[in-house]
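Data block for input33.pdb (PDB, C-alpha atoms and all ligand atoms):
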ATOM      1  CA  MET A   2      22.932  -1.274  -2.197
ATOM      2  CA  LEU A   3      20.158  -0.111  -4.520
ATOM      3  CA  ILE A   4      17.001  -2.257  -4.207
ATOM      4  CA  ILE A   5      14.629  -2.203  -7.180
ATOM      5  CA  GLY A   6      11.225  -3.850  -6.750
ATOM      6  CA  ILE A   7       9.505  -5.047  -9.917
ATOM      7  CA  ALA A   8       5.854  -6.030  -9.434
ATOM      8  CA  GLY A   9       2.897  -6.629 -11.764
ATOM      9  CA  GLY A  10       0.279  -9.257 -12.454
ATOM     10  CA  THR A  11       1.074 -12.753 -13.579
ATOM     11  CA  GLY A  12       2.097 -12.774 -17.248
ATOM     12  CA  SER A  13       2.707  -9.020 -17.307
ATOM     13  CA  GLY A  14       6.323  -9.703 -18.258
ATOM     14  CA  LYS A  15       8.195  -9.070 -14.998
ATOM     15  CA  THR A  16      10.665 -11.930 -15.437
ATOM     16  CA  THR A  17      11.307 -10.897 -19.035
ATOM     17  CA  VAL A  18      11.926  -7.267 -17.996
ATOM     18  CA  VAL A  19      14.273  -8.384 -15.192
ATOM     19  CA  ASN A  20      16.231 -10.575 -17.627
ATOM     20  CA  GLN A  21      16.506  -7.692 -20.110
ATOM     21  CA  ILE A  22      17.830  -5.386 -17.366
ATOM     22  CA  VAL A  23      20.236  -7.939 -15.916
ATOM     23  CA  GLN A  24      21.783  -9.060 -19.204
ATOM     24  CA  GLU A  25      23.212  -5.579 -19.799
ATOM     25  CA  LEU A  26      24.762  -5.290 -16.354
ATOM     26  CA  PRO A  27      28.070  -6.782 -15.131
ATOM     27  CA  THR A  28      27.195 -10.044 -13.310
ATOM     28  CA  ASP A  29      29.142  -9.056 -10.216
ATOM     29  CA  GLU A  30      27.089  -5.876  -9.764
ATOM     30  CA  VAL A  31      23.551  -7.270  -9.640
ATOM     31  CA  CYS A  32      21.657  -9.997  -7.782
ATOM     32  CA  VAL A  33      18.057 -11.115  -8.186
ATOM     33  CA  ILE A  34      15.573 -12.238  -5.576
ATOM     34  CA  ARG A  35      12.354 -13.814  -6.867
ATOM     35  CA  GLN A  36       9.138 -13.856  -4.862
ATOM     36  CA  ASP A  37       8.425 -17.376  -6.149
ATOM     37  CA  SER A  38      11.400 -18.604  -4.079
ATOM     38  CA  TYR A  39       9.526 -17.499  -0.971
ATOM     39  CA  TYR A  40       6.313 -19.463  -1.333
ATOM     40  CA  ASN A  41       5.738 -21.127   2.042
ATOM     41  CA  ALA A  42       7.418 -24.491   2.442
ATOM     42  CA  THR A  43       4.602 -27.061   2.385
ATOM     43  CA  ASP A  44       6.395 -30.376   2.961
ATOM     44  CA  ASN A  45       3.651 -31.291   5.432
ATOM     45  CA  LEU A  46       0.991 -31.298   2.670
ATOM     46  CA  SER A  47       0.238 -33.946   0.040
ATOM     47  CA  TYR A  48       0.599 -32.993  -3.630
ATOM     48  CA  GLU A  49      -3.208 -33.033  -3.875
ATOM     49  CA  ASP A  50      -3.523 -30.523  -1.015
ATOM     50  CA  ARG A  51      -0.762 -28.326  -2.450
ATOM     51  CA  THR A  52      -2.695 -27.969  -5.728
ATOM     52  CA  LYS A  53      -5.514 -26.378  -3.711
ATOM     53  CA  ILE A  54      -3.348 -23.550  -2.301
ATOM     54  CA  ASN A  55      -4.318 -20.018  -3.319
ATOM     55  CA  PHE A  56      -0.915 -18.954  -4.672
ATOM     56  CA  ASP A  57      -2.105 -15.428  -5.430
ATOM     57  CA  HIS A  58      -2.958 -14.513  -1.830
ATOM     58  CA  PRO A  59      -0.315 -12.716   0.299
ATOM     59  CA  ARG A  60      -0.539 -15.396   2.985
ATOM     60  CA  ALA A  61       0.995 -17.920   0.545
ATOM     61  CA  ILE A  62       4.275 -16.004   0.796
ATOM     62  CA  ASP A  63       6.870 -16.282   3.571
ATOM     63  CA  PHE A  64       7.414 -12.532   3.847
ATOM     64  CA  ASP A  65       9.327 -12.958   7.127
ATOM     65  CA  LEU A  66      12.021 -14.981   5.331
ATOM     66  CA  MET A  67      12.026 -12.557   2.391
ATOM     67  CA  VAL A  68      12.525  -9.546   4.696
ATOM     68  CA  ALA A  69      15.234 -11.421   6.634
ATOM     69  CA  HIS A  70      17.100 -12.221   3.394
ATOM     70  CA  LEU A  71      16.828  -8.680   2.013
ATOM     71  CA  THR A  72      18.007  -7.236   5.312
ATOM     72  CA  ALA A  73      20.950  -9.664   5.420
ATOM     73  CA  LEU A  74      21.950  -8.870   1.826
ATOM     74  CA  LYS A  75      21.775  -5.141   2.602
ATOM     75  CA  ALA A  76      24.132  -5.825   5.515
ATOM     76  CA  GLY A  77      26.582  -7.513   3.119
ATOM     77  CA  GLU A  78      25.772 -11.131   3.982
ATOM     78  CA  ILE A  79      25.314 -14.070   1.583
ATOM     79  CA  VAL A  80      21.889 -15.784   1.756
ATOM     80  CA  ASP A  81      20.553 -19.197   0.684
ATOM     81  CA  GLN A  82      17.637 -18.303  -1.601
ATOM     82  CA  PRO A  83      15.216 -21.257  -1.803
ATOM     83  CA  VAL A  84      14.413 -22.769  -5.206
ATOM     84  CA  TYR A  85      10.723 -23.338  -6.005
ATOM     85  CA  SER A  86       9.157 -25.900  -8.327
ATOM     86  CA  PHE A  87       5.929 -24.990 -10.116
ATOM     87  CA  VAL A  88       5.563 -28.646 -11.001
ATOM     88  CA  THR A  89       5.548 -30.034  -7.435
ATOM     89  CA  HIS A  90       4.144 -26.774  -5.929
ATOM     90  CA  ASN A  91       6.881 -26.821  -3.322
ATOM     91  CA  ARG A  92      10.438 -25.751  -2.557
ATOM     92  CA  THR A  93      13.051 -28.120  -3.903
ATOM     93  CA  LYS A  94      16.038 -29.240  -1.857
ATOM     94  CA  ASP A  95      18.266 -26.839  -3.850
ATOM     95  CA  ILE A  96      19.248 -23.331  -2.867
ATOM     96  CA  ILE A  97      20.832 -20.449  -4.763
ATOM     97  CA  LYS A  98      23.745 -18.860  -2.903
ATOM     98  CA  THR A  99      22.852 -15.211  -3.402
ATOM     99  CA  HIS A 100      25.642 -12.708  -2.904
ATOM    100  CA  PRO A 101      25.119  -9.040  -2.000
ATOM    101  CA  ARG A 102      25.654  -6.745  -4.994
ATOM    102  CA  LYS A 103      25.469  -3.026  -5.697
ATOM    103  CA  VAL A 104      22.030  -3.568  -7.248
ATOM    104  CA  LEU A 105      19.409  -6.005  -5.995
ATOM    105  CA  ILE A 106      16.346  -6.688  -8.133
ATOM    106  CA  LEU A 107      13.328  -8.106  -6.327
ATOM    107  CA  GLU A 108      10.555  -9.462  -8.554
ATOM    108  CA  GLY A 109       7.072 -10.767  -7.845
ATOM    109  CA  ILE A 110       3.316 -10.289  -8.054
ATOM    110  CA  LEU A 111       2.737  -9.457  -4.377
ATOM    111  CA  ILE A 112       5.896  -7.689  -3.241
ATOM    112  CA  PHE A 113       4.296  -4.232  -2.952
ATOM    113  CA  ASN A 114       1.526  -5.701  -0.869
ATOM    114  CA  SER A 115       3.912  -5.845   2.074
ATOM    115  CA  GLU A 116       4.706  -2.508   3.712
ATOM    116  CA  ARG A 117       7.983  -3.940   5.042
ATOM    117  CA  ILE A 118       9.063  -4.843   1.503
ATOM    118  CA  ARG A 119       7.925  -1.516   0.069
ATOM    119  CA  ASP A 120      10.018   0.266   2.686
ATOM    120  CA  LEU A 121      13.089  -1.736   1.649
ATOM    121  CA  CYS A 122      12.723  -0.808  -2.044
ATOM    122  CA  ASP A 123      14.534   2.311  -3.295
ATOM    123  CA  ILE A 124      12.726   2.237  -6.649
ATOM    124  CA  LYS A 125       9.352   0.595  -7.248
ATOM    125  CA  VAL A 126       8.450  -0.466 -10.799
ATOM    126  CA  PHE A 127       5.048  -1.905 -11.833
ATOM    127  CA  VAL A 128       4.822  -3.800 -15.127
ATOM    128  CA  HIS A 129       1.358  -3.459 -16.653
ATOM    129  CA  ALA A 130      -0.287  -5.608 -19.318
ATOM    130  CA  ASP A 131      -4.018  -5.936 -19.953
ATOM    131  CA  ALA A 132      -5.795  -8.893 -18.341
ATOM    132  CA  ASP A 133      -6.587 -10.657 -21.632
ATOM    133  CA  GLU A 134      -2.961 -10.384 -22.772
ATOM    134  CA  ARG A 135      -1.732 -11.708 -19.419
ATOM    135  CA  LEU A 136      -4.150 -14.645 -19.542
ATOM    136  CA  ILE A 137      -3.046 -15.612 -23.061
ATOM    137  CA  ARG A 138       0.627 -15.492 -22.001
ATOM    138  CA  ARG A 139      -0.120 -17.455 -18.845
ATOM    139  CA  ILE A 140      -1.942 -20.216 -20.734
ATOM    140  CA  LYS A 141       0.967 -20.606 -23.173
ATOM    141  CA  ARG A 142       3.677 -20.425 -20.497
ATOM    142  CA  ASP A 143       2.036 -22.683 -17.917
ATOM    143  CA  ILE A 144       1.323 -25.381 -20.506
ATOM    144  CA  ASN A 145       4.795 -25.167 -22.086
ATOM    145  CA  GLU A 146       6.907 -24.611 -18.981
ATOM    146  CA  ARG A 147       4.997 -25.361 -15.787
ATOM    147  CA  GLY A 148       3.386 -28.743 -16.519
ATOM    148  CA  ARG A 149      -0.223 -27.488 -16.566
ATOM    149  CA  ASP A 150      -3.171 -28.098 -18.901
ATOM    150  CA  ILE A 151      -5.730 -25.602 -20.184
ATOM    151  CA  GLU A 152      -8.366 -26.730 -17.673
ATOM    152  CA  GLU A 153      -6.009 -26.099 -14.729
ATOM    153  CA  VAL A 154      -5.002 -22.631 -15.939
ATOM    154  CA  LEU A 155      -8.534 -21.476 -16.665
ATOM    155  CA  THR A 156      -9.998 -22.841 -13.421
ATOM    156  CA  ARG A 157      -7.211 -21.203 -11.410
ATOM    157  CA  TYR A 158      -7.742 -17.964 -13.325
ATOM    158  CA  GLN A 159     -11.452 -17.843 -12.519
ATOM    159  CA  THR A 160     -11.257 -19.002  -8.908
ATOM    160  CA  THR A 161      -8.166 -17.210  -7.589
ATOM    161  CA  LEU A 162      -6.012 -15.374 -10.132
ATOM    162  CA  LYS A 163      -8.543 -12.808 -11.281
ATOM    163  CA  PRO A 164     -10.114 -11.974  -7.881
ATOM    164  CA  MET A 165      -6.706 -11.894  -6.121
ATOM    165  CA  HIS A 166      -5.258  -9.691  -8.838
ATOM    166  CA  GLN A 167      -8.075  -7.197  -8.357
ATOM    167  CA  GLN A 168      -7.866  -7.291  -4.570
ATOM    168  CA  PHE A 169      -4.136  -7.518  -3.837
ATOM    169  CA  ILE A 170      -2.038  -6.734  -6.932
ATOM    170  CA  GLU A 171      -3.650  -4.074  -9.115
ATOM    171  CA  PRO A 172      -4.092  -1.626  -6.155
ATOM    172  CA  THR A 173      -0.325  -1.751  -5.477
ATOM    173  CA  LYS A 174       0.269  -0.001  -8.804
ATOM    174  CA  ASN A 175      -0.364   3.180  -6.785
ATOM    175  CA  PHE A 176       2.884   2.600  -4.877
ATOM    176  CA  ALA A 177       4.977   2.493  -8.070
ATOM    177  CA  ASP A 178       7.494   5.171  -9.042
ATOM    178  CA  ILE A 179       7.562   3.881 -12.626
ATOM    179  CA  ILE A 180       4.808   2.010 -14.548
ATOM    180  CA  ILE A 181       5.934   0.069 -17.627
ATOM    181  CA  PRO A 182       3.176  -0.494 -20.217
ATOM    182  CA  ASN A 183       4.048  -3.973 -21.473
ATOM    183  CA  ASP A 184       1.326  -5.153 -23.860
ATOM    184  CA  ARG A 185       4.148  -5.010 -26.379
ATOM    185  CA  TYR A 186       7.904  -5.350 -25.763
ATOM    186  CA  ASN A 187       8.823  -1.962 -24.298
ATOM    187  CA  THR A 188      12.521  -1.451 -24.949
ATOM    188  CA  VAL A 189      12.327   2.285 -24.242
ATOM    189  CA  ALA A 190      11.034   1.732 -20.702
ATOM    190  CA  VAL A 191      13.604  -1.001 -20.036
ATOM    191  CA  ASP A 192      16.351   1.381 -21.249
ATOM    192  CA  ILE A 193      15.108   4.063 -18.850
ATOM    193  CA  VAL A 194      15.257   1.691 -15.880
ATOM    194  CA  ARG A 195      18.734   0.557 -16.984
ATOM    195  CA  THR A 196      19.884   4.188 -17.173
ATOM    196  CA  VAL A 197      18.577   4.877 -13.676
ATOM    197  CA  ILE A 198      20.540   1.856 -12.428
ATOM    198  CA  SER A 199      23.724   2.801 -14.322
ATOM    199  CA  ASN A 200      23.588   6.300 -12.869
ATOM    200  CA  ARG A 201      23.525   4.821  -9.375
ATOM    201  CA  LEU A 202      26.384   2.345  -9.959
TER     202      LEU A 202
HETATM  203  N1  LIG B   1       5.960  -7.708 -23.972
HETATM  204  C1  LIG B   1       5.682  -8.987 -24.242
HETATM  205  N2  LIG B   1       5.028  -9.318 -25.363
HETATM  206  C2  LIG B   1       4.728 -10.626 -25.635
HETATM  207  N3  LIG B   1       5.053 -11.675 -24.828
HETATM  208  C3  LIG B   1       5.708 -11.384 -23.687
HETATM  209  C4  LIG B   1       6.058 -10.048 -23.336
HETATM  210  N4  LIG B   1       6.699 -10.067 -22.143
HETATM  211  C5  LIG B   1       6.736 -11.371 -21.765
HETATM  212  N5  LIG B   1       6.166 -12.156 -22.702
HETATM  213  C6  LIG B   1       5.976 -13.617 -22.653
HETATM  214  O1  LIG B   1       4.876 -13.862 -21.759
HETATM  215  C7  LIG B   1       5.144 -14.949 -20.898
HETATM  216  C8  LIG B   1       5.095 -14.458 -19.462
HETATM  217  O2  LIG B   1       6.163 -13.550 -19.286
HETATM  218  P1  LIG B   1       6.938 -13.475 -17.906
HETATM  219  O3  LIG B   1       8.087 -12.540 -18.082
HETATM  220  O4  LIG B   1       7.221 -14.857 -17.398
HETATM  221  O5  LIG B   1       5.811 -12.785 -16.979
HETATM  222  P2  LIG B   1       5.681 -12.681 -15.409
HETATM  223  O6  LIG B   1       7.048 -12.913 -14.832
HETATM  224  O7  LIG B   1       5.197 -11.286 -15.153
HETATM  225  O8  LIG B   1       4.673 -13.714 -15.027
HETATM  226  C9  LIG B   1       6.513 -15.496 -21.297
HETATM  227  O9  LIG B   1       6.311 -16.599 -22.142
HETATM  228  C10 LIG B   1       7.179 -14.346 -22.054
HETATM  229  O10 LIG B   1       8.043 -14.794 -23.054
HETATM  230  N1  LIG B   2       2.797 -23.696  -7.356
HETATM  231  C1  LIG B   2       2.449 -22.552  -7.941
HETATM  232  C2  LIG B   2       2.860 -21.332  -7.432
HETATM  233  C3  LIG B   2       2.470 -20.186  -8.080
HETATM  234  N2  LIG B   2       1.704 -20.253  -9.197
HETATM  235  C4  LIG B   2       1.313 -19.049  -9.907
HETATM  236  O1  LIG B   2       2.453 -18.273 -10.231
HETATM  237  C5  LIG B   2       2.062 -16.931 -10.403
HETATM  238  C6  LIG B   2       3.188 -16.008 -10.011
HETATM  239  O2  LIG B   2       4.300 -16.201 -10.847
HETATM  240  P1  LIG B   2       4.509 -15.296 -12.163
HETATM  241  O3  LIG B   2       5.849 -15.756 -12.686
HETATM  242  O4  LIG B   2       3.387 -15.572 -13.094
HETATM  243  O5  LIG B   2       4.523 -13.877 -11.694
HETATM  244  C7  LIG B   2       0.823 -16.711  -9.538
HETATM  245  O6  LIG B   2      -0.184 -16.102 -10.291
HETATM  246  C8  LIG B   2       0.410 -18.132  -9.098
HETATM  247  O7  LIG B   2      -0.924 -18.420  -9.417
HETATM  248  C9  LIG B   2       1.302 -21.465  -9.677
HETATM  249  O8  LIG B   2       0.589 -21.537 -10.702
HETATM  250  N3  LIG B   2       1.679 -22.606  -9.037
END
Using structure tokens, write down the structure that the file contains.
Amino acid sequence: MLIIGIAGGTGSGKTTVVNQIVQELPTDEVCVIRQDSYYNATDNLSYEDRTKINFDHPRAIDFDLMVAHLTALKAGEIVDQPVYSFVTHNRTKDIIKTHPRKVLILEGILIFNSERIRDLCDIKVFVHADADERLIRRIKRDINERGRDIEEVLTRYQTTLKPMHQQFIEPTKNFADIIIPNDRYNTVAVDIVRTVISNRL
């Protein structure tokens, strides 16, 4: 199995890049694991308390479960990937049965922050977009798709997103084998990653 890690700040375009890569590959040859699925389960907290979680800090992520699932997939086992809701700020009761494939794509803001995850990745890709571009995309996306309002997005940006990005995400660019500049749609870079994958299939 070839494990490709795709990291980058919020709104850099990771999900979009993953979708562009995946849509050109046969469905039975690739599986996707998303960091969002591994936010800690917080059933014990009220909705009010969940809104106060710092979702951009590594301790918000259940890296033990993520490592266990990646290790199981590498060993050929099927795993139950949790499904996360950005509206309730919690895991839902659903799961995605994730089957081991020749290529596994792991995507998320903080994945290269964990040495255990870095060691599991064969290729590390960092998607870069400037902070102002990422904030604009985040405002639009979170209002349209994640049930937020402008006040929520901007407050979260100032209090956690920006400082956490500088402390925990941007420095992990140094671990990347490939950096994709993504202020604009970068089809050339996506094609290069696809070629690397095709060569390994
Ligand atoms: N290169 C790009 N140029 C303009 N908009 C983009 C680009 N890449 C992604 N987007 C848009 O920005 C938003 C965030 O992209 P997304 O892929 O969800 O980022 P991430 O997964 O890194 O948070 C989405 O609405 C997406 O359509
Ligand atoms: N309940 C949550 C959980 C996470 N977030 C934000 O999501 C961002 C990571 O996802 P991307 O698709 O943008 O990479 C991260 O910056 C968290 O702040 C959230 O808003 N609510």
key: Atomic distance CA of Lys75 (chain A) - CA of Val194 (chain A), expressed in Å with one decimal   = 20.8 Å
Could you give me the residues within 7 Å of ligand LIG 1 (chain B), counting all atoms listed in the file, as a JSON list (two decimals) with C-alpha atoms, in the coordinates of the input?
[["chain", "number", "residue", "atom", "x", "y", "z"],
["A", 9, "GLY", "CA", 2.90, -6.63, -11.76],
["A", 10, "GLY", "CA", 0.28, -9.26, -12.45],
["A", 11, "THR", "CA", 1.07, -12.75, -13.58],
["A", 12, "GLY", "CA", 2.10, -12.77, -17.25],
["A", 13, "SER", "CA", 2.71, -9.02, -17.31],
["A", 14, "GLY", "CA", 6.32, -9.70, -18.26],
["A", 15, "LYS", "CA", 8.20, -9.07, -15.00],
["A", 16, "THR", "CA", 10.66, -11.93, -15.44],
["A", 17, "THR", "CA", 11.31, -10.90, -19.04],
["A", 18, "VAL", "CA", 11.93, -7.27, -18.00],
["A", 138, "ARG", "CA", 0.63, -15.49, -22.00],
["A", 139, "ARG", "CA", -0.12, -17.45, -18.84],
["A", 141, "LYS", "CA", 0.97, -20.61, -23.17],
["A", 142, "ARG", "CA", 3.68, -20.42, -20.50],
["A", 183, "ASN", "CA", 4.05, -3.97, -21.47],
["A", 184, "ASP", "CA", 1.33, -5.15, -23.86],
["A", 185, "ARG", "CA", 4.15, -5.01, -26.38],
["A", 186, "TYR", "CA", 7.90, -5.35, -25.76],
["A", 187, "ASN", "CA", 8.82, -1.96, -24.30]]
request  = Might you pull out every residue within 10 Å of Ile179 (chain A), with only C-alpha atoms counted and same-chain residues fewer than 6 positions away left off, and present them as a ChimeraX atom specification?
outcome  = /A:7,124-128,190,193-194
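Put simply, the PyMOL selection byres (((chain A and resi 22) around 10) and not hetatm) on this file hits A:Thr16, A:Thr17, A:Val18, A:Val19, A:Asn20, A:Gln21, A:Val23, A:Gln24, A:Glu25, A:Leu26, A:Val31, A:Ile106, A:Val191, A:Asp192, A:Ile193, A:Val194, A:Arg195, A:Thr196, A:Ile198.
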task = Could you expand the PyMOL selection byres (((not hetatm)) within 6 of (chain B and resi 2)) into the explicit residues it covers here, written as number ranges by chain?
result = A: 11-12, 56-57, 87, 90, 109-110, 162
